[in-house]
file target.tsv (TSV, C-alpha atoms)
chain	number	residue	atom	x	y	z
A	12	MET	CA	-51.74	2.32	-50.73
A	13	LYS	CA	-49.01	0.75	-52.88
A	14	SER	CA	-49.01	-2.53	-51.02
A	15	ILE	CA	-52.82	-2.63	-51.14
A	16	LEU	CA	-52.66	-2.27	-54.91
A	17	ILE	CA	-50.21	-5.14	-55.24
A	18	VAL	CA	-52.27	-7.39	-52.96
A	19	LEU	CA	-55.46	-6.44	-54.81
A	20	ILE	CA	-54.06	-7.31	-58.22
A	21	PHE	CA	-52.61	-10.56	-56.92
A	22	THR	CA	-55.93	-11.50	-55.27
A	23	ILE	CA	-58.01	-10.75	-58.35
A	24	VAL	CA	-55.74	-12.80	-60.57
A	25	SER	CA	-55.61	-15.67	-58.09
A	26	LEU	CA	-59.40	-15.76	-57.72
A	27	TRP	CA	-59.73	-16.40	-61.41
A	28	ALA	CA	-57.76	-19.58	-61.03
A	29	CYS	CA	-60.39	-22.24	-61.03
A	30	SER	CA	-60.10	-25.69	-59.55
A	31	LYS	CA	-61.03	-28.79	-61.47
A	32	LYS	CA	-64.41	-30.10	-60.53
A	33	ASN	CA	-64.90	-33.72	-59.67
A	34	ASP	CA	-68.56	-34.48	-59.38
A	35	ALA	CA	-68.67	-38.07	-60.55
A	36	ASN	CA	-71.82	-39.86	-59.51
A	37	PRO	CA	-71.48	-43.63	-60.06
A	38	SER	CA	-74.51	-45.31	-61.58
A	39	THR	CA	-75.68	-48.84	-60.84
A	40	ASP	CA	-77.91	-48.81	-63.93
A	41	ILE	CA	-75.06	-48.41	-66.40
A	42	LYS	CA	-72.73	-51.24	-67.29
A	43	ILE	CA	-69.77	-50.91	-69.63
A	44	ILE	CA	-69.54	-54.19	-71.52
A	45	SER	CA	-66.47	-53.55	-73.63
A	46	LEU	CA	-64.06	-50.80	-74.69
A	47	THR	CA	-61.99	-51.81	-77.70
A	48	ALA	CA	-59.68	-50.41	-80.38
A	49	ASN	CA	-59.69	-51.71	-83.95
A	50	PHE	CA	-55.90	-51.89	-83.76
A	51	ASN	CA	-53.35	-51.31	-81.09
A	52	PRO	CA	-50.52	-50.31	-81.15
A	53	VAL	CA	-50.86	-47.47	-83.59
A	54	MET	CA	-48.14	-45.64	-85.45
A	55	ALA	CA	-47.72	-41.90	-85.03
A	56	TYR	CA	-49.88	-39.94	-87.52
A	57	ASP	CA	-52.15	-42.94	-87.95
A	58	THR	CA	-55.57	-43.49	-86.42
A	59	THR	CA	-57.48	-46.17	-84.61
A	60	VAL	CA	-61.19	-46.41	-83.93
A	61	ILE	CA	-62.28	-46.87	-80.31
A	62	THR	CA	-65.71	-48.32	-79.57
A	63	VAL	CA	-67.55	-48.68	-76.30
A	64	GLU	CA	-70.44	-51.05	-75.70
A	65	ALA	CA	-72.56	-50.28	-72.68
A	66	SER	CA	-76.01	-51.08	-71.33
A	67	GLY	CA	-78.38	-48.57	-69.86
A	68	GLU	CA	-81.11	-46.11	-70.82
A	69	SER	CA	-80.54	-42.97	-72.90
A	70	LEU	CA	-76.78	-43.21	-72.69
A	71	GLN	CA	-74.40	-40.43	-73.56
A	72	TYR	CA	-70.67	-40.78	-74.03
A	73	GLY	CA	-67.75	-38.59	-73.05
A	74	TRP	CA	-64.13	-39.09	-74.10
A	75	VAL	CA	-60.78	-37.86	-72.84
A	76	VAL	CA	-57.24	-38.72	-73.91
A	77	ASN	CA	-54.02	-37.72	-72.21
A	78	HIS	CA	-51.89	-37.51	-75.39
A	79	GLY	CA	-53.22	-37.29	-78.95
A	80	LYS	CA	-56.43	-36.16	-80.55
A	81	LEU	CA	-59.96	-37.52	-80.55
A	82	LYS	CA	-62.46	-36.95	-83.31
A	83	GLY	CA	-66.13	-37.80	-83.44
A	84	SER	CA	-68.68	-38.36	-80.70
A	85	GLY	CA	-70.97	-41.00	-79.31
A	86	LYS	CA	-70.03	-44.62	-78.74
A	87	THR	CA	-67.38	-44.68	-81.49
A	88	ILE	CA	-64.50	-42.30	-81.75
A	89	LYS	CA	-61.32	-41.95	-83.78
A	90	TYR	CA	-58.01	-41.52	-82.02
A	91	SER	CA	-55.24	-39.75	-83.96
A	92	ALA	CA	-51.72	-40.38	-82.76
A	93	CYS	CA	-48.83	-37.98	-83.16
A	94	GLN	CA	-45.09	-38.14	-82.86
A	95	SER	CA	-45.21	-36.37	-79.51
A	96	CYS	CA	-47.64	-39.03	-78.23
A	97	ILE	CA	-45.16	-41.90	-78.52
A	98	GLY	CA	-45.62	-44.18	-75.54
A	99	LEU	CA	-48.54	-45.63	-73.68
A	100	ASN	CA	-51.56	-43.36	-73.71
A	101	THR	CA	-54.82	-43.56	-71.83
A	102	ILE	CA	-58.22	-42.99	-73.35
A	103	THR	CA	-61.00	-42.63	-70.82
A	104	CYS	CA	-64.60	-43.21	-71.78
A	105	ARG	CA	-67.35	-41.90	-69.58
A	106	VAL	CA	-70.86	-43.31	-70.09
A	107	PHE	CA	-73.62	-41.37	-68.39
A	108	ASN	CA	-77.33	-40.71	-68.15
A	109	ASP	CA	-79.73	-39.28	-65.60
A	110	THR	CA	-78.85	-41.98	-63.07
A	111	GLY	CA	-75.14	-41.16	-63.00
A	112	GLU	CA	-72.07	-42.36	-64.82
A	113	MET	CA	-69.53	-45.13	-65.25
A	114	SER	CA	-66.10	-44.88	-66.85
A	115	ASP	CA	-63.46	-47.18	-68.23
A	116	THR	CA	-60.05	-46.74	-69.83
A	117	ILE	CA	-58.14	-48.29	-72.68
A	118	MET	CA	-54.40	-48.00	-73.15
A	119	ILE	CA	-53.14	-47.33	-76.67
A	120	ARG	CA	-49.47	-47.66	-77.47
A	121	VAL	CA	-48.17	-45.20	-80.05
A	122	THR	CA	-45.03	-46.15	-81.96
A	123	PRO	CA	-42.69	-43.82	-83.91
A	124	TYR	CA	-43.62	-42.74	-87.41
A	125	HIS	CA	-42.19	-44.97	-90.14
A	126	PRO	CA	-43.69	-44.30	-93.57
A	127	GLY	CA	-45.07	-47.37	-95.34
A	128	LYS	CA	-45.19	-49.42	-92.18
A	129	LYS	CA	-48.39	-50.24	-90.30
B	24	MET	CA	-37.88	16.11	-56.94
B	25	SER	CA	-39.72	15.96	-53.62
B	26	GLY	CA	-40.87	19.54	-54.12
B	27	LEU	CA	-42.36	18.51	-57.40
B	28	LYS	CA	-44.03	15.48	-55.99
B	29	VAL	CA	-46.11	14.03	-58.72
B	30	TYR	CA	-49.75	13.37	-57.89
B	31	TYR	CA	-51.07	12.92	-61.36
B	32	LEU	CA	-51.74	9.62	-62.95
B	33	MET	CA	-50.39	9.48	-66.43
B	34	ILE	CA	-52.13	7.09	-68.70
B	35	LEU	CA	-50.47	5.75	-71.79
B	36	PHE	CA	-52.67	3.67	-74.01
B	37	LEU	CA	-51.42	1.46	-76.78
B	38	VAL	CA	-53.38	-0.40	-79.38
B	39	GLN	CA	-51.35	-2.99	-81.15
B	40	GLY	CA	-51.87	-5.36	-84.03
B	41	TYR	CA	-49.65	-8.33	-84.59
B	42	VAL	CA	-49.34	-10.80	-87.38
B	43	ALA	CA	-47.32	-13.90	-86.77
B	44	TRP	CA	-46.48	-16.71	-89.10
B	45	ALA	CA	-45.75	-18.96	-86.22
B	46	GLN	CA	-46.47	-19.41	-82.53
B	47	CYS	CA	-50.01	-20.39	-83.23
B	48	CYS	CA	-50.96	-23.35	-81.21
B	49	THR	CA	-48.40	-23.55	-78.52
B	50	SER	CA	-49.61	-23.84	-75.00
B	51	GLY	CA	-50.63	-20.66	-73.22
B	52	ASN	CA	-50.44	-17.06	-74.30
B	53	PRO	CA	-48.24	-16.26	-77.29
B	54	PHE	CA	-45.22	-14.05	-76.78
B	55	ILE	CA	-46.00	-10.36	-77.09
B	56	SER	CA	-43.02	-8.23	-76.43
B	57	GLU	CA	-44.80	-5.38	-74.72
B	58	ALA	CA	-43.66	-6.57	-71.28
B	59	GLU	CA	-40.11	-5.99	-72.40
B	60	GLN	CA	-39.97	-2.32	-71.59
B	61	PRO	CA	-38.04	-0.34	-69.02
B	62	ALA	CA	-39.64	0.11	-65.62
B	63	LEU	CA	-42.19	2.92	-65.36
B	64	GLN	CA	-41.84	6.02	-63.30
B	65	SER	CA	-43.78	6.36	-60.09
B	66	ARG	CA	-47.55	6.76	-60.49
B	67	VAL	CA	-47.50	6.21	-64.22
B	68	LEU	CA	-50.17	3.89	-65.51
B	69	THR	CA	-49.99	2.26	-68.93
B	70	THR	CA	-52.52	0.07	-70.59
B	71	SER	CA	-52.31	-1.70	-73.90
B	72	LEU	CA	-54.66	-3.80	-75.90
B	73	ALA	CA	-53.08	-6.12	-78.41
B	74	TYR	CA	-54.55	-8.24	-81.16
B	75	ARG	CA	-52.54	-11.01	-82.73
B	76	TYR	CA	-53.29	-13.27	-85.66
B	77	SER	CA	-51.12	-16.36	-85.98
B	78	HIS	CA	-50.96	-18.94	-88.71
B	79	SER	CA	-48.81	-22.02	-89.09
B	80	GLY	CA	-48.88	-25.23	-91.02
B	81	PRO	CA	-45.68	-26.86	-92.11
B	82	TYR	CA	-44.26	-29.78	-90.22
B	83	TYR	CA	-40.58	-29.78	-89.44
B	84	SER	CA	-38.07	-32.46	-88.68
B	85	GLN	CA	-35.12	-30.71	-87.17
B	86	ASP	CA	-34.42	-27.72	-89.46
B	87	ALA	CA	-36.09	-29.03	-92.62
B	88	HIS	CA	-39.66	-29.15	-93.85
B	89	PHE	CA	-41.12	-32.58	-93.31
B	90	THR	CA	-43.39	-33.36	-96.26
B	91	GLU	CA	-43.85	-37.12	-95.95
B	92	LEU	CA	-47.01	-36.99	-93.89
B	93	PRO	CA	-50.14	-38.26	-95.64
B	94	PHE	CA	-52.17	-35.22	-94.61
B	95	GLN	CA	-51.88	-31.48	-94.23
B	96	GLU	CA	-52.81	-29.50	-91.17
B	97	THR	CA	-53.02	-25.80	-90.56
B	98	ALA	CA	-53.33	-24.04	-87.26
B	99	SER	CA	-54.46	-20.48	-86.69
B	100	SER	CA	-55.50	-18.29	-83.82
B	101	ASN	CA	-56.97	-14.88	-83.16
B	102	TYR	CA	-55.79	-13.61	-79.82
B	103	THR	CA	-56.21	-10.46	-77.78
B	104	GLU	CA	-54.32	-9.40	-74.71
B	105	LEU	CA	-54.85	-6.65	-72.19
B	106	GLN	CA	-51.79	-5.42	-70.36
B	107	ILE	CA	-51.72	-2.97	-67.49
B	108	GLY	CA	-48.61	-1.53	-65.94
B	109	TYR	CA	-48.29	0.77	-62.96
B	110	GLY	CA	-45.26	2.45	-61.52
B	111	VAL	CA	-45.78	1.85	-57.81
B	112	THR	CA	-42.53	3.60	-57.02
B	113	ASN	CA	-39.65	4.77	-59.14
B	114	TRP	CA	-38.00	1.42	-58.53
B	115	LEU	CA	-40.98	-0.94	-58.73
B	116	THR	CA	-43.43	-1.44	-61.57
B	117	VAL	CA	-46.31	-3.91	-61.40
B	118	LEU	CA	-47.44	-5.37	-64.70
B	119	SER	CA	-50.36	-7.62	-65.37
B	120	GLU	CA	-51.72	-9.24	-68.49
B	121	LEU	CA	-54.77	-11.23	-69.42
B	122	GLY	CA	-55.10	-13.11	-72.69
B	123	TYR	CA	-58.21	-14.17	-74.56
B	124	PHE	CA	-58.35	-16.47	-77.57
B	125	ILE	CA	-61.17	-15.56	-79.94
B	126	ASN	CA	-60.37	-18.84	-81.59
B	127	LYS	CA	-57.60	-21.39	-81.64
B	128	THR	CA	-58.22	-23.66	-84.58
B	129	LEU	CA	-56.62	-26.78	-85.99
B	130	GLU	CA	-57.79	-27.79	-89.45
B	131	THR	CA	-57.20	-30.91	-91.49
B	132	PRO	CA	-58.75	-31.02	-94.99
B	133	GLY	CA	-61.72	-33.36	-95.13
B	134	ILE	CA	-62.09	-33.53	-91.35
B	135	ASP	CA	-64.09	-31.27	-89.06
B	136	SER	CA	-61.80	-28.75	-87.44
B	137	TYR	CA	-60.95	-28.49	-83.77
B	138	LYS	CA	-61.74	-25.11	-82.32
B	139	GLY	CA	-61.05	-23.83	-78.84
B	140	TYR	CA	-61.57	-20.35	-77.46
B	141	GLY	CA	-61.76	-18.42	-74.23
B	142	LEU	CA	-59.54	-17.00	-71.53
B	143	GLY	CA	-55.87	-17.82	-71.82
B	144	ASP	CA	-53.45	-17.23	-68.97
B	145	ALA	CA	-53.18	-14.23	-66.68
B	146	ALA	CA	-49.82	-12.95	-65.53
B	147	LEU	CA	-48.42	-10.76	-62.83
B	148	TYR	CA	-44.92	-9.31	-63.08
B	149	LEU	CA	-42.81	-7.23	-60.77
B	150	LYS	CA	-40.28	-5.12	-62.65
B	151	PHE	CA	-37.46	-3.44	-60.78
B	152	ASN	CA	-35.67	-0.34	-61.91
B	153	THR	CA	-32.29	-1.38	-60.60
B	154	TYR	CA	-30.29	1.14	-62.58
B	155	SER	CA	-31.35	4.17	-64.54
B	156	ASN	CA	-29.07	6.91	-65.76
B	157	PRO	CA	-30.92	9.49	-67.89
B	158	ARG	CA	-27.66	11.20	-68.86
B	159	LEU	CA	-26.22	7.97	-70.26
B	160	ARG	CA	-29.69	6.85	-71.40
B	161	LEU	CA	-29.01	3.53	-69.80
B	162	SER	CA	-31.48	1.46	-67.80
B	163	ILE	CA	-31.42	-2.02	-66.37
B	164	SER	CA	-34.73	-3.62	-65.39
B	165	PRO	CA	-34.98	-7.18	-64.11
B	166	THR	CA	-38.43	-8.73	-63.82
B	167	ILE	CA	-39.93	-11.69	-62.03
B	168	GLY	CA	-43.41	-13.00	-62.65
B	169	VAL	CA	-45.98	-15.75	-62.54
B	170	LYS	CA	-48.46	-16.86	-65.17
B	171	PHE	CA	-51.73	-18.23	-63.87
B	172	PRO	CA	-53.72	-20.79	-65.85
B	173	VAL	CA	-57.03	-19.01	-65.40
B	174	GLY	CA	-58.52	-20.10	-68.70
B	175	MET	CA	-59.99	-23.32	-69.95
B	176	PHE	CA	-57.84	-26.42	-70.21
B	177	ASP	CA	-60.51	-29.07	-70.55
B	178	GLN	CA	-62.77	-27.69	-73.26
B	179	GLU	CA	-64.98	-30.27	-74.88
B	180	MET	CA	-67.14	-30.53	-77.95
B	181	ASP	CA	-70.01	-33.03	-77.78
B	182	TYR	CA	-68.45	-34.40	-74.55
B	183	VAL	CA	-65.15	-35.09	-76.35
B	184	GLN	CA	-62.12	-33.26	-75.03
B	185	LEU	CA	-60.39	-30.99	-77.52
B	186	PRO	CA	-56.66	-31.47	-78.14
B	187	ILE	CA	-54.28	-29.61	-75.89
B	188	SER	CA	-53.03	-27.57	-78.83
B	189	VAL	CA	-56.37	-25.76	-79.08
B	190	GLN	CA	-57.06	-25.36	-75.37
B	191	SER	CA	-56.90	-21.70	-74.46
B	192	SER	CA	-54.95	-22.04	-71.23
B	193	SER	CA	-51.55	-23.59	-70.64
B	194	GLY	CA	-53.02	-25.66	-67.81
B	195	GLY	CA	-50.22	-24.98	-65.34
B	196	TYR	CA	-48.44	-22.23	-63.50
B	197	ARG	CA	-45.34	-20.75	-65.07
B	198	TYR	CA	-42.61	-18.81	-63.36
B	199	MET	CA	-40.35	-16.47	-65.19
B	200	ALA	CA	-37.48	-14.07	-64.72
B	201	ASN	CA	-36.04	-11.70	-67.26
B	202	LEU	CA	-33.60	-8.88	-67.67
B	203	PHE	CA	-34.09	-5.87	-69.90
B	204	ILE	CA	-31.22	-3.50	-70.67
B	205	SER	CA	-31.72	-0.38	-72.75
B	206	LYS	CA	-29.13	2.07	-74.01
B	207	GLY	CA	-29.68	5.19	-76.09
B	208	LEU	CA	-27.15	6.03	-78.81
B	209	GLY	CA	-27.98	9.23	-80.64
B	210	LYS	CA	-31.26	8.76	-82.55
B	211	VAL	CA	-31.11	5.04	-82.00
B	212	ALA	CA	-31.82	3.02	-78.89
B	213	LEU	CA	-30.53	-0.48	-78.40
B	214	ALA	CA	-31.99	-2.96	-75.99
B	215	GLY	CA	-31.23	-6.47	-74.91
B	216	PHE	CA	-33.64	-8.90	-73.35
B	217	ALA	CA	-33.07	-12.31	-71.79
B	218	SER	CA	-35.82	-14.41	-70.26
B	219	TYR	CA	-36.18	-17.76	-68.53
B	220	GLU	CA	-39.47	-19.52	-67.96
B	221	TYR	CA	-40.10	-22.59	-65.85
B	222	SER	CA	-43.32	-24.49	-66.42
B	223	GLN	CA	-44.86	-26.33	-63.53
B	224	LEU	CA	-45.98	-29.91	-63.95
B	225	ILE	CA	-49.53	-30.14	-65.25
B	226	GLN	CA	-51.06	-32.90	-63.23
B	227	SER	CA	-54.73	-33.74	-63.35
B	228	GLU	CA	-56.96	-36.76	-63.39
B	229	ASN	CA	-56.29	-37.37	-67.07
B	230	PHE	CA	-53.12	-35.53	-67.72
B	231	TYR	CA	-49.52	-35.52	-66.60
B	232	TYR	CA	-47.18	-33.33	-68.58
B	233	LYS	CA	-44.40	-30.86	-68.04
B	234	TYR	CA	-43.27	-28.45	-70.70
B	235	GLY	CA	-39.55	-27.92	-71.06
B	236	ASP	CA	-37.88	-24.78	-69.80
B	237	GLN	CA	-37.95	-21.83	-72.14
B	238	TRP	CA	-35.19	-19.32	-72.84
B	239	ILE	CA	-35.69	-16.19	-74.91
B	240	GLY	CA	-33.00	-13.79	-75.99
B	241	ALA	CA	-33.72	-10.66	-78.01
B	242	ILE	CA	-32.00	-7.58	-79.35
B	243	TYR	CA	-34.07	-4.52	-80.15
B	244	PHE	CA	-33.13	-1.63	-82.41
B	245	ASN	CA	-35.30	1.41	-81.94
B	246	TYR	CA	-35.21	4.39	-84.27
B	247	ARG	CA	-37.40	7.49	-84.37
B	248	PRO	CA	-37.10	8.98	-87.87
B	249	TRP	CA	-39.92	11.45	-87.30
B	250	LYS	CA	-41.47	12.90	-84.19
B	251	ARG	CA	-44.52	10.65	-84.31
B	252	VAL	CA	-43.11	7.56	-85.94
B	253	ILE	CA	-41.07	4.93	-84.14
B	254	LEU	CA	-39.47	2.00	-85.92
B	255	ASP	CA	-38.38	-1.11	-84.08
B	256	LEU	CA	-36.56	-4.16	-85.24
B	257	GLN	CA	-36.35	-7.16	-82.99
B	258	ILE	CA	-34.22	-10.23	-83.51
B	259	ARG	CA	-35.33	-12.87	-81.08
B	260	ILE	CA	-34.35	-16.43	-80.44
B	261	GLU	CA	-36.60	-18.78	-78.52
B	262	PHE	CA	-35.44	-22.08	-77.14
B	263	ARG	CA	-37.61	-24.61	-75.39
B	264	GLY	CA	-36.34	-27.84	-73.91
B	265	LYS	CA	-38.02	-31.19	-74.29
B	266	SER	CA	-41.15	-32.00	-72.33
B	267	ASN	CA	-41.65	-34.77	-69.83
B	268	ARG	CA	-44.64	-37.03	-69.44
B	269	GLU	CA	-45.64	-39.92	-67.16
B	270	ASN	CA	-42.86	-41.93	-65.53
B	271	GLU	CA	-40.39	-39.15	-66.34
B	272	GLU	CA	-40.42	-40.17	-70.01
B	273	ILE	CA	-38.93	-37.53	-72.27
B	274	VAL	CA	-41.10	-36.47	-75.20
B	275	GLU	CA	-38.54	-36.60	-77.98
B	276	SER	CA	-40.72	-34.70	-80.46
B	277	SER	CA	-40.95	-31.61	-78.31
B	278	GLY	CA	-38.82	-28.55	-77.81
B	279	TYR	CA	-37.51	-26.22	-80.45
B	280	ASP	CA	-35.13	-23.47	-81.36
B	281	VAL	CA	-36.61	-20.66	-83.47
B	282	LEU	CA	-35.11	-17.39	-84.63
B	283	PHE	CA	-37.56	-14.56	-85.31
B	284	PHE	CA	-37.21	-11.35	-87.24
B	285	SER	CA	-39.78	-8.90	-85.97
B	286	PRO	CA	-40.23	-5.44	-87.45
B	287	GLN	CA	-42.56	-3.02	-85.72
B	288	VAL	CA	-43.88	0.43	-86.52
B	289	THR	CA	-45.51	2.68	-83.96
B	290	TYR	CA	-47.38	5.92	-84.45
B	291	ALA	CA	-47.53	8.29	-81.51
B	292	PHE	CA	-50.77	10.25	-81.34
B	293	LYS	CA	-51.44	13.21	-79.08
B	294	HIS	CA	-52.10	12.68	-75.38
B	295	ASP	CA	-49.82	9.63	-75.18
B	296	TRP	CA	-51.84	7.32	-77.39
B	297	TYR	CA	-49.87	4.89	-79.50
B	298	LEU	CA	-50.76	2.55	-82.32
B	299	SER	CA	-48.38	-0.25	-83.26
B	300	ALA	CA	-48.21	-2.91	-85.92
B	301	TYR	CA	-45.86	-5.80	-85.61
B	302	GLY	CA	-44.87	-8.88	-87.57
B	303	ASP	CA	-43.25	-12.00	-86.18
B	304	ILE	CA	-41.42	-13.85	-88.93
B	305	PRO	CA	-39.55	-17.09	-88.16
B	306	VAL	CA	-36.35	-17.13	-90.20
B	307	TYR	CA	-34.80	-20.26	-88.73
B	308	ASN	CA	-36.61	-23.26	-87.25
B	309	TYR	CA	-35.22	-26.27	-85.51
B	310	TYR	CA	-37.67	-28.76	-84.03
B	311	ASN	CA	-36.75	-31.91	-82.17
B	312	GLY	CA	-38.23	-34.98	-83.82
B	313	ILE	CA	-41.23	-34.21	-86.02
B	314	GLN	CA	-43.45	-31.30	-85.06
B	315	MET	CA	-45.82	-28.79	-86.56
B	316	SER	CA	-44.04	-25.46	-86.64
B	317	PHE	CA	-46.36	-24.02	-84.04
call {"tool": "encode", "arguments": {"input": "target.tsv", "output": "structure tokens"}}
result
Amino acid sequence: MKSILIVLIFTIVSLWACSKKNDANPSTDIKIISLTANFNPVMAYDTTVITVEASGESLQYGWVVNHGKLKGSGKTIKYSACQSCIGLNTITCRVFNDTGEMSDTIMIRVTPYHPGKK
Amino acid sequence: MSGLKVYYLMILFLVQGYVAWAQCCTSGNPFISEAEQPALQSRVLTTSLAYRYSHSGPYYSQDAHFTELPFQETASSNYTELQIGYGVTNWLTVLSELGYFINKTLETPGIDSYKGYGLGDAALYLKFNTYSNPRLRLSISPTIGVKFPVGMFDQEMDYVQLPISVQSSSGGYRYMANLFISKGLGKVALAGFASYEYSQLIQSENFYYKYGDQWIGAIYFNYRPWKRVILDLQIRIEFRGKSNRENEEIVESSGYDVLFFSPQVTYAFKHDWYLSAYGDIPVYNYYNGIQMSF
């Protein structure tokens, strides 16, 4: 009875643990033309604007960054750097529609915070 | 004792409210000290429901406020946690917890806020009653446990991923061990608590990060001035080492050393119901590099 209880609790908790889905469906109708930043590198606590140009019908845009914060939506987004993001960071842009998706990345280097210096 | 074999299930229920002026937007569930209790007796079940409001804002560089930034940010969270403990035997207690963030918000004036919510981490602990002497009122209870990242770690808004600081889950497994020692001295009880937590590498398609190891040390003073009122004072120090990111780079602006002063009052109702209120006040902060005082 006691061991069953332990196993039961452990099982319930473990079942909650969800795995990351990976259901990318590459599209031949979407083409990413460019993915650019208005300046790079960027100092910690400063921002840079990232823009993607892509061709395709009824496009939607998704954004992910490994370190730092993203603000906005659509084809243009603002990346905010922080002191704990110092280094080379990857921003991934995913362009998608009903036919599938394409993605590209841009690397942004974040430098330490120095007031008054761009 | 065998003649008085206990078949009943005793339920203790606690409702707790916490206010914290720190520990807002760290990764994973915030620290709630309810797990730091002696082991339960056999066939005793306890449940507790805790609510915690956290607020933080100032940036720190080492142990001083850092006011040079050209913006202000505040972080806040409303968090609830359900804890269940069961004395499987007189020497083994199983504890579990599940956290839920009603909101985890990061606000910068003039900019739309970031807001995450949802399940945090779940945890399972095994607490051992290695020594208990009722005559000396002394108990020693080591614990081992695992935290499971059951909640969301890739929440998005308009297909844009929210910052890690507002994600509800820590994103990785954590393993911990602690030791709780309690000693009664007249109307006062003293307790000591030491904990170590190891965070597993968070590795995903877009993310590679490992939080530094965490050490917590605490001293508790417990006093019962009246039959139904219990006063606790906790002095707790939390230390977290620096994090690592890709290519084993050390994140210099990570890790901290914070000393908390935490008073608590508990009212004991009839039938083993308890209501507690608790404040977590940071009295000394040391942050590596420049960081928001979580």
call {"tool": "closest_residue", "arguments": {"input": "target.tsv", "among": "B:Phe244, B:Tyr83, B:Phe151, B:Phe230", "to": "Leu115 in chain B", "atoms": "all atoms listed in the file"}}
result
B:Phe151
call {"tool": "interface_residues", "arguments": {"input": "target.tsv", "of": "chain B", "to": "chain A", "cutoff": "8 Å", "atoms": "all atoms listed in the file", "output": "list in words"}}
result
Glu91, Leu92, Val111, Val117, Ala145, Ala146, Leu147, Phe171, Pro172, Val173, Gly174, Asp181, Tyr182, Val183, Gln184, Leu185, Pro186, Asn229, Phe230, Tyr231, Val274, Glu275, Ser276, Ser277, Gly312, Ile313 and Gln314 of chain B
call {"tool": "write_last_selection", "arguments": {"input": "target.tsv", "atoms": "C-alpha atoms", "output": "PDB file, in the frame of the given file"}}
result
ATOM      1  CA  GLU B  91     -43.850 -37.120 -95.950  1.00  0.00           C
ATOM      2  CA  LEU B  92     -47.010 -36.990 -93.890  1.00  0.00           C
ATOM      3  CA  VAL B 111     -45.780   1.850 -57.810  1.00  0.00           C
ATOM      4  CA  VAL B 117     -46.310  -3.910 -61.400  1.00  0.00           C
ATOM      5  CA  ALA B 145     -53.180 -14.230 -66.680  1.00  0.00           C
ATOM      6  CA  ALA B 146     -49.820 -12.950 -65.530  1.00  0.00           C
ATOM      7  CA  LEU B 147     -48.420 -10.760 -62.830  1.00  0.00           C
ATOM      8  CA  PHE B 171     -51.730 -18.230 -63.870  1.00  0.00           C
ATOM      9  CA  PRO B 172     -53.720 -20.790 -65.850  1.00  0.00           C
ATOM     10  CA  VAL B 173     -57.030 -19.010 -65.400  1.00  0.00           C
ATOM     11  CA  GLY B 174     -58.520 -20.100 -68.700  1.00  0.00           C
ATOM     12  CA  ASP B 181     -70.010 -33.030 -77.780  1.00  0.00           C
ATOM     13  CA  TYR B 182     -68.450 -34.400 -74.550  1.00  0.00           C
ATOM     14  CA  VAL B 183     -65.150 -35.090 -76.350  1.00  0.00           C
ATOM     15  CA  GLN B 184     -62.120 -33.260 -75.030  1.00  0.00           C
ATOM     16  CA  LEU B 185     -60.390 -30.990 -77.520  1.00  0.00           C
ATOM     17  CA  PRO B 186     -56.660 -31.470 -78.140  1.00  0.00           C
ATOM     18  CA  ASN B 229     -56.290 -37.370 -67.070  1.00  0.00           C
ATOM     19  CA  PHE B 230     -53.120 -35.530 -67.720  1.00  0.00           C
ATOM     20  CA  TYR B 231     -49.520 -35.520 -66.600  1.00  0.00           C
ATOM     21  CA  VAL B 274     -41.100 -36.470 -75.200  1.00  0.00           C
ATOM     22  CA  GLU B 275     -38.540 -36.600 -77.980  1.00  0.00           C
ATOM     23  CA  SER B 276     -40.720 -34.700 -80.460  1.00  0.00           C
ATOM     24  CA  SER B 277     -40.950 -31.610 -78.310  1.00  0.00           C
ATOM     25  CA  GLY B 312     -38.230 -34.980 -83.820  1.00  0.00           C
ATOM     26  CA  ILE B 313     -41.230 -34.210 -86.020  1.00  0.00           C
ATOM     27  CA  GLN B 314     -43.450 -31.300 -85.060  1.00  0.00           C
TER      28      GLN B 314
END
call {"tool": "axis_aligned_box", "arguments": {"input": "target.tsv", "around": "range 84-99 of chain B", "padding_each_side": "5 Å", "output": "AutoDock Vina command-line options"}}
result
--center_x -44.4 --center_y -29.4 --center_z -91.5 --size_x 30.0 --size_y 27.8 --size_z 19.6
call {"tool": "atom_distance", "arguments": {"input": "target.tsv", "atom1": "CA of Ala48 in chain A", "atom2": "CA of Lys138 in chain B"}}
result
25.5 Å
call {"tool": "residues_near_point", "arguments": {"input": "target.tsv", "point": "(-76.7, -46.2, -60.0)", "cutoff": "9 Å", "atoms": "only C-alpha atoms", "output": "VMD selection string"}}
result
chain A and resid 36 to 41 110 to 113
call {"tool": "residues_near_point", "arguments": {"input": "target.tsv", "point": "(-32.4, -0.7, -58.9)", "cutoff": "9 Å", "atoms": "all atoms listed in the file", "output": "number ranges by chain"}}
result
B: 114-115, 151-155, 163-165
call {"tool": "atom_distance", "arguments": {"input": "target.tsv", "atom1": "CA of Phe94 in chain B", "atom2": "CA of Tyr82 in chain B"}}
result
10.6 Å
call {"tool": "atom_distance", "arguments": {"input": "target.tsv", "atom1": "CA of Gln287 in chain B", "atom2": "CA of Leu142 in chain B"}}
result
26.2 Å
call {"tool": "closest_residue", "arguments": {"input": "target.tsv", "among": "B:Tyr279, B:Tyr148, B:Phe292, B:Phe216", "to": "Ile107 in chain B", "atoms": "only C-alpha atoms"}}
result
B:Tyr148
call {"tool": "residues_around", "arguments": {"input": "target.tsv", "residues": "Thr87 in chain A", "least_positions_apart": "5", "cutoff": "9 Å", "atoms": "only C-alpha atoms", "output": "short mmCIF file (atom, residue, chain, number, x, y, z; two decimals) with C-alpha atoms, in the frame of the given file"}}
result
data_model
loop_
_atom_site.label_atom_id
_atom_site.label_comp_id
_atom_site.auth_asym_id
_atom_site.auth_seq_id
_atom_site.Cartn_x
_atom_site.Cartn_y
_atom_site.Cartn_z
CA VAL A 60 -61.19 -46.41 -83.93
CA ILE A 61 -62.28 -46.87 -80.31
CA THR A 62 -65.71 -48.32 -79.57
CA VAL A 63 -67.55 -48.68 -76.30
#
